[in-house]
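Read the structure below first, then the notes.
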Amino acid sequence: MTNYKCTEGVNLHVIQASKFKTVKIMLRFREELNQAHLGKRVLISNMLETTNQIYQTDRDFSRALSEMYGASFTTGVAKKGKAPSSFHQHECR
């Protein structure tokens, strides 16, 4: 694994492997637990999964992903200790 520090608080971890055909990109955002931000994180996570500027409906987005050989896009919010984490994952086979 190779680690890069992009800027303050933003780190990139690259795990390169040639034995798999799947390419996986995952973004994680973490912060101290803040009740005011938690609801916003869940809402943004849900919005990212169902709509975007190019594909206005989740059906259009799903159709485009399926045309990319079964690509997938997942978002979510999880809590580990006192720091909630938002994740956004894109996977291509």
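Numbering starts fresh at 1 for the residues of each chain in the structure tokens, the chains themselves are lettered A, B, ... in the order given, and ligands are numbered from 1 as they appear.
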Within 10 Å of A:Leu48 using only C-alpha atoms, minus same-chain residues under 3 positions, as JSON, numbers by chain: {"A": [43, 44, 45, 51, 52, 58, 73, 74, 75, 76, 88]}
Take the residues just selected and output them with N, CA and C atoms as a PDB file, in the first residue's frame.
```pdb
ATOM      1  N   LEU A  43     -28.532  12.572   4.668  1.00  0.00           N
ATOM      2  CA  LEU A  43     -29.272  13.128   3.535  1.00  0.00           C
ATOM      3  C   LEU A  43     -28.383  13.244   2.292  1.00  0.00           C
ATOM      4  N   ILE A  44     -27.184  13.777   2.447  1.00  0.00           N
ATOM      5  CA  ILE A  44     -26.263  13.914   1.314  1.00  0.00           C
ATOM      6  C   ILE A  44     -25.890  12.543   0.754  1.00  0.00           C
ATOM      7  N   SER A  45     -25.650  11.588   1.645  1.00  0.00           N
ATOM      8  CA  SER A  45     -25.308  10.236   1.215  1.00  0.00           C
ATOM      9  C   SER A  45     -26.425   9.642   0.361  1.00  0.00           C
ATOM     10  N   THR A  51     -29.340  10.442  -7.339  1.00  0.00           N
ATOM     11  CA  THR A  51     -29.410  11.438  -8.403  1.00  0.00           C
ATOM     12  C   THR A  51     -28.079  12.172  -8.533  1.00  0.00           C
ATOM     13  N   ASN A  52     -27.846  12.707  -9.706  1.00  0.00           N
ATOM     14  CA  ASN A  52     -26.665  13.532  -9.947  1.00  0.00           C
ATOM     15  C   ASN A  52     -26.949  14.450 -11.126  1.00  0.00           C
ATOM     16  N   ASP A  58     -32.799   7.838 -10.305  1.00  0.00           N
ATOM     17  CA  ASP A  58     -32.009   6.664  -9.940  1.00  0.00           C
ATOM     18  C   ASP A  58     -32.120   5.568 -10.996  1.00  0.00           C
ATOM     19  N   PHE A  73     -22.411   1.547  -7.516  1.00  0.00           N
ATOM     20  CA  PHE A  73     -22.114   2.752  -6.762  1.00  0.00           C
ATOM     21  C   PHE A  73     -22.891   2.665  -5.465  1.00  0.00           C
ATOM     22  N   THR A  74     -22.214   2.808  -4.339  1.00  0.00           N
ATOM     23  CA  THR A  74     -22.834   2.651  -3.031  1.00  0.00           C
ATOM     24  C   THR A  74     -22.429   3.807  -2.134  1.00  0.00           C
ATOM     25  N   THR A  75     -23.355   4.275  -1.324  1.00  0.00           N
ATOM     26  CA  THR A  75     -23.033   5.282  -0.324  1.00  0.00           C
ATOM     27  C   THR A  75     -23.619   4.853   1.009  1.00  0.00           C
ATOM     28  N   GLY A  76     -23.147   5.439   2.082  1.00  0.00           N
ATOM     29  CA  GLY A  76     -23.687   5.111   3.388  1.00  0.00           C
ATOM     30  C   GLY A  76     -23.041   5.942   4.482  1.00  0.00           C
ATOM     31  N   HIS A  88     -18.370   6.542   0.129  1.00  0.00           N
ATOM     32  CA  HIS A  88     -18.878   6.536  -1.227  1.00  0.00           C
ATOM     33  C   HIS A  88     -17.993   5.568  -2.002  1.00  0.00           C
TER      34      HIS A  88
END
```
Would you mind listing what lies within 12 Å of A:Glu31 as a PDB file with N, CA and C atoms, in the first residue's frame, with only C-alpha atoms counted and same-chain residues fewer than 3 positions away left out?
```pdb
ATOM      1  N   GLY A   9      -5.531  16.854   6.240  1.00  0.00           N
ATOM      2  CA  GLY A   9      -6.743  16.079   6.508  1.00  0.00           C
ATOM      3  C   GLY A   9      -7.212  15.211   5.357  1.00  0.00           C
ATOM      4  N   ARG A  28     -13.864   8.062   1.974  1.00  0.00           N
ATOM      5  CA  ARG A  28     -14.407   8.109   3.340  1.00  0.00           C
ATOM      6  C   ARG A  28     -14.184   9.489   3.914  1.00  0.00           C
ATOM      7  N   ASN A  34     -21.181  14.892  15.706  1.00  0.00           N
ATOM      8  CA  ASN A  34     -21.867  16.174  15.820  1.00  0.00           C
ATOM      9  C   ASN A  34     -23.310  15.951  15.392  1.00  0.00           C
ATOM     10  N   GLN A  35     -24.239  16.030  16.321  1.00  0.00           N
ATOM     11  CA  GLN A  35     -25.647  15.746  16.021  1.00  0.00           C
ATOM     12  C   GLN A  35     -26.193  16.637  14.914  1.00  0.00           C
ATOM     13  N   HIS A  37     -24.623  17.741  12.308  1.00  0.00           N
ATOM     14  CA  HIS A  37     -24.104  17.326  11.004  1.00  0.00           C
ATOM     15  C   HIS A  37     -24.556  15.928  10.601  1.00  0.00           C
ATOM     16  N   LEU A  38     -24.926  15.107  11.564  1.00  0.00           N
ATOM     17  CA  LEU A  38     -25.238  13.709  11.284  1.00  0.00           C
ATOM     18  C   LEU A  38     -26.407  13.565  10.312  1.00  0.00           C
ATOM     19  N   ARG A  41     -25.321  14.483   6.837  1.00  0.00           N
ATOM     20  CA  ARG A  41     -24.501  13.436   6.214  1.00  0.00           C
ATOM     21  C   ARG A  41     -25.370  12.336   5.620  1.00  0.00           C
ATOM     22  N   VAL A  77     -23.602   5.831   5.662  1.00  0.00           N
ATOM     23  CA  VAL A  77     -23.067   6.493   6.848  1.00  0.00           C
ATOM     24  C   VAL A  77     -22.969   5.439   7.932  1.00  0.00           C
ATOM     25  N   ALA A  78     -21.814   5.364   8.571  1.00  0.00           N
ATOM     26  CA  ALA A  78     -21.600   4.399   9.652  1.00  0.00           C
ATOM     27  C   ALA A  78     -20.922   5.107  10.810  1.00  0.00           C
ATOM     28  N   LYS A  79     -21.061   4.541  11.992  1.00  0.00           N
ATOM     29  CA  LYS A  79     -20.433   5.129  13.174  1.00  0.00           C
ATOM     30  C   LYS A  79     -19.465   4.111  13.758  1.00  0.00           C
ATOM     31  N   LYS A  80     -18.241   4.549  13.965  1.00  0.00           N
ATOM     32  CA  LYS A  80     -17.231   3.703  14.593  1.00  0.00           C
ATOM     33  C   LYS A  80     -16.641   4.519  15.731  1.00  0.00           C
ATOM     34  N   GLY A  81     -16.908   4.135  16.952  1.00  0.00           N
ATOM     35  CA  GLY A  81     -16.472   4.917  18.103  1.00  0.00           C
ATOM     36  C   GLY A  81     -17.243   6.221  18.157  1.00  0.00           C
ATOM     37  N   LYS A  82     -16.545   7.334  18.296  1.00  0.00           N
ATOM     38  CA  LYS A  82     -17.198   8.631  18.356  1.00  0.00           C
ATOM     39  C   LYS A  82     -17.163   9.375  17.032  1.00  0.00           C
ATOM     40  N   ALA A  83     -16.645   8.745  15.980  1.00  0.00           N
ATOM     41  CA  ALA A  83     -16.507   9.430  14.702  1.00  0.00           C
ATOM     42  C   ALA A  83     -17.379   8.782  13.631  1.00  0.00           C
ATOM     43  N   PRO A  84     -18.461   9.454  13.206  1.00  0.00           N
ATOM     44  CA  PRO A  84     -19.242   8.916  12.095  1.00  0.00           C
ATOM     45  C   PRO A  84     -18.442   9.031  10.807  1.00  0.00           C
ATOM     46  N   SER A  85     -18.667   8.117   9.917  1.00  0.00           N
ATOM     47  CA  SER A  85     -17.924   8.081   8.671  1.00  0.00           C
ATOM     48  C   SER A  85     -18.902   7.956   7.518  1.00  0.00           C
ATOM     49  N   SER A  86     -18.800   8.831   6.523  1.00  0.00           N
ATOM     50  CA  SER A  86     -19.571   8.705   5.288  1.00  0.00           C
ATOM     51  C   SER A  86     -18.673   8.003   4.286  1.00  0.00           C
TER      52      SER A  86
END
```
Between atom CA of A:Met47 and atom CA of A:Phe61, distance in Å (one decimal): 12.1 Å
Would you give me, as a ChimeraX atom specification, the residues in stretch 15-46 of chain A that DSSP reads as strand (DSSP E or B)? /A:23-30
Fewer than 5 positions away in the same chain doesn't count, so skip those; otherwise give me all residues within 12 Å of stretch 17-19 of chain A, counting only C-alpha atoms, as number ranges by chain. A: 1-2, 24
Kindly indicate which residue among A:Val42, A:Val10, A:Ala71, A:Ile15 lies nearest to A:Phe29, using only C-alpha atoms for the distances.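 The answer is A:Val10, which sits nearest to A:Phe29.
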Just the helix (DSSP H, G or I) stuff from stretch 52-91 of chain A, please, per backbone DSSP, written as a ChimeraX atom specification. /A:58-67
Saved selection, atoms kept: all heavy atoms, as an mmCIF file, in the first residue's frame:
```
data_model
loop_
_atom_site.group_PDB
_atom_site.id
_atom_site.type_symbol
_atom_site.label_atom_id
_atom_site.label_comp_id
_atom_site.auth_asym_id
_atom_site.auth_seq_id
_atom_site.Cartn_x
_atom_site.Cartn_y
_atom_site.Cartn_z
ATOM 1 N N ASP A 58 -32.799 7.838 -10.305
ATOM 2 C CA ASP A 58 -32.009 6.664 -9.940
ATOM 3 C C ASP A 58 -32.120 5.568 -10.996
ATOM 4 O O ASP A 58 -31.198 4.789 -11.199
ATOM 5 C CB ASP A 58 -32.382 6.151 -8.546
ATOM 6 C CG ASP A 58 -33.851 5.811 -8.397
ATOM 7 O OD1 ASP A 58 -34.658 6.246 -9.229
ATOM 8 O OD2 ASP A 58 -34.176 5.101 -7.430
ATOM 9 N N ARG A 59 -33.231 5.527 -11.721
ATOM 10 C CA ARG A 59 -33.392 4.537 -12.783
ATOM 11 C C ARG A 59 -32.394 4.797 -13.922
ATOM 12 O O ARG A 59 -31.762 3.878 -14.426
ATOM 13 C CB ARG A 59 -34.814 4.571 -13.304
ATOM 14 C CG ARG A 59 -35.091 3.531 -14.349
ATOM 15 C CD ARG A 59 -36.523 3.562 -14.797
ATOM 16 N NE ARG A 59 -36.753 2.549 -15.804
ATOM 17 C CZ ARG A 59 -37.887 2.348 -16.391
ATOM 18 N NH1 ARG A 59 -38.928 3.085 -16.058
ATOM 19 N NH2 ARG A 59 -38.018 1.425 -17.295
ATOM 20 N N ASP A 60 -32.252 6.064 -14.325
ATOM 21 C CA ASP A 60 -31.282 6.418 -15.366
ATOM 22 C C ASP A 60 -29.855 6.104 -14.915
ATOM 23 O O ASP A 60 -29.042 5.610 -15.683
ATOM 24 C CB ASP A 60 -31.388 7.900 -15.728
ATOM 25 C CG ASP A 60 -32.679 8.249 -16.433
ATOM 26 O OD1 ASP A 60 -33.342 7.333 -16.976
ATOM 27 O OD2 ASP A 60 -33.044 9.432 -16.428
ATOM 28 N N PHE A 61 -29.565 6.400 -13.656
ATOM 29 C CA PHE A 61 -28.237 6.143 -13.098
ATOM 30 C C PHE A 61 -27.955 4.644 -13.068
ATOM 31 O O PHE A 61 -26.882 4.189 -13.477
ATOM 32 C CB PHE A 61 -28.142 6.761 -11.707
ATOM 33 C CG PHE A 61 -26.755 6.808 -11.129
ATOM 34 C CD1 PHE A 61 -25.650 7.035 -11.919
ATOM 35 C CD2 PHE A 61 -26.557 6.647 -9.772
ATOM 36 C CE1 PHE A 61 -24.367 7.094 -11.380
ATOM 37 C CE2 PHE A 61 -25.295 6.695 -9.219
ATOM 38 C CZ PHE A 61 -24.201 6.916 -10.031
ATOM 39 N N SER A 62 -28.920 3.855 -12.627
ATOM 40 C CA SER A 62 -28.754 2.397 -12.584
ATOM 41 C C SER A 62 -28.553 1.827 -13.981
ATOM 42 O O SER A 62 -27.726 0.925 -14.181
ATOM 43 C CB SER A 62 -29.980 1.743 -11.947
ATOM 44 O OG SER A 62 -30.083 2.095 -10.607
ATOM 45 N N ARG A 63 -29.293 2.348 -14.934
ATOM 46 C CA ARG A 63 -29.153 1.880 -16.316
ATOM 47 C C ARG A 63 -27.746 2.171 -16.846
ATOM 48 O O ARG A 63 -27.127 1.327 -17.485
ATOM 49 C CB ARG A 63 -30.200 2.558 -17.204
ATOM 50 C CG ARG A 63 -30.216 2.008 -18.617
ATOM 51 C CD ARG A 63 -31.350 2.585 -19.437
ATOM 52 N NE ARG A 63 -32.611 2.083 -18.900
ATOM 53 C CZ ARG A 63 -33.716 2.816 -18.800
ATOM 54 N NH1 ARG A 63 -33.729 4.065 -19.198
ATOM 55 N NH2 ARG A 63 -34.827 2.283 -18.327
ATOM 56 N N ALA A 64 -27.234 3.369 -16.573
ATOM 57 C CA ALA A 64 -25.887 3.729 -17.021
ATOM 58 C C ALA A 64 -24.838 2.833 -16.366
ATOM 59 O O ALA A 64 -23.880 2.404 -17.018
ATOM 60 C CB ALA A 64 -25.605 5.194 -16.710
ATOM 61 N N LEU A 65 -25.006 2.546 -15.073
ATOM 62 C CA LEU A 65 -24.060 1.661 -14.383
ATOM 63 C C LEU A 65 -24.083 0.258 -14.973
ATOM 64 O O LEU A 65 -23.040 -0.366 -15.158
ATOM 65 C CB LEU A 65 -24.379 1.606 -12.884
ATOM 66 C CG LEU A 65 -24.047 2.855 -12.079
ATOM 67 C CD1 LEU A 65 -24.591 2.734 -10.662
ATOM 68 C CD2 LEU A 65 -22.552 3.111 -12.045
ATOM 69 N N SER A 66 -25.275 -0.248 -15.294
ATOM 70 C CA SER A 66 -25.370 -1.598 -15.845
ATOM 71 C C SER A 66 -24.737 -1.675 -17.228
ATOM 72 O O SER A 66 -24.223 -2.727 -17.627
ATOM 73 C CB SER A 66 -26.823 -2.070 -15.893
ATOM 74 O OG SER A 66 -27.559 -1.340 -16.847
ATOM 75 N N GLU A 67 -24.742 -0.559 -17.977
ATOM 76 C CA GLU A 67 -24.091 -0.534 -19.287
ATOM 77 C C GLU A 67 -22.572 -0.555 -19.164
ATOM 78 O O GLU A 67 -21.872 -0.835 -20.128
ATOM 79 C CB GLU A 67 -24.540 0.691 -20.080
ATOM 80 C CG GLU A 67 -25.980 0.590 -20.531
ATOM 81 C CD GLU A 67 -26.495 1.865 -21.172
ATOM 82 O OE1 GLU A 67 -25.721 2.842 -21.288
ATOM 83 O OE2 GLU A 67 -27.675 1.883 -21.542
#
```
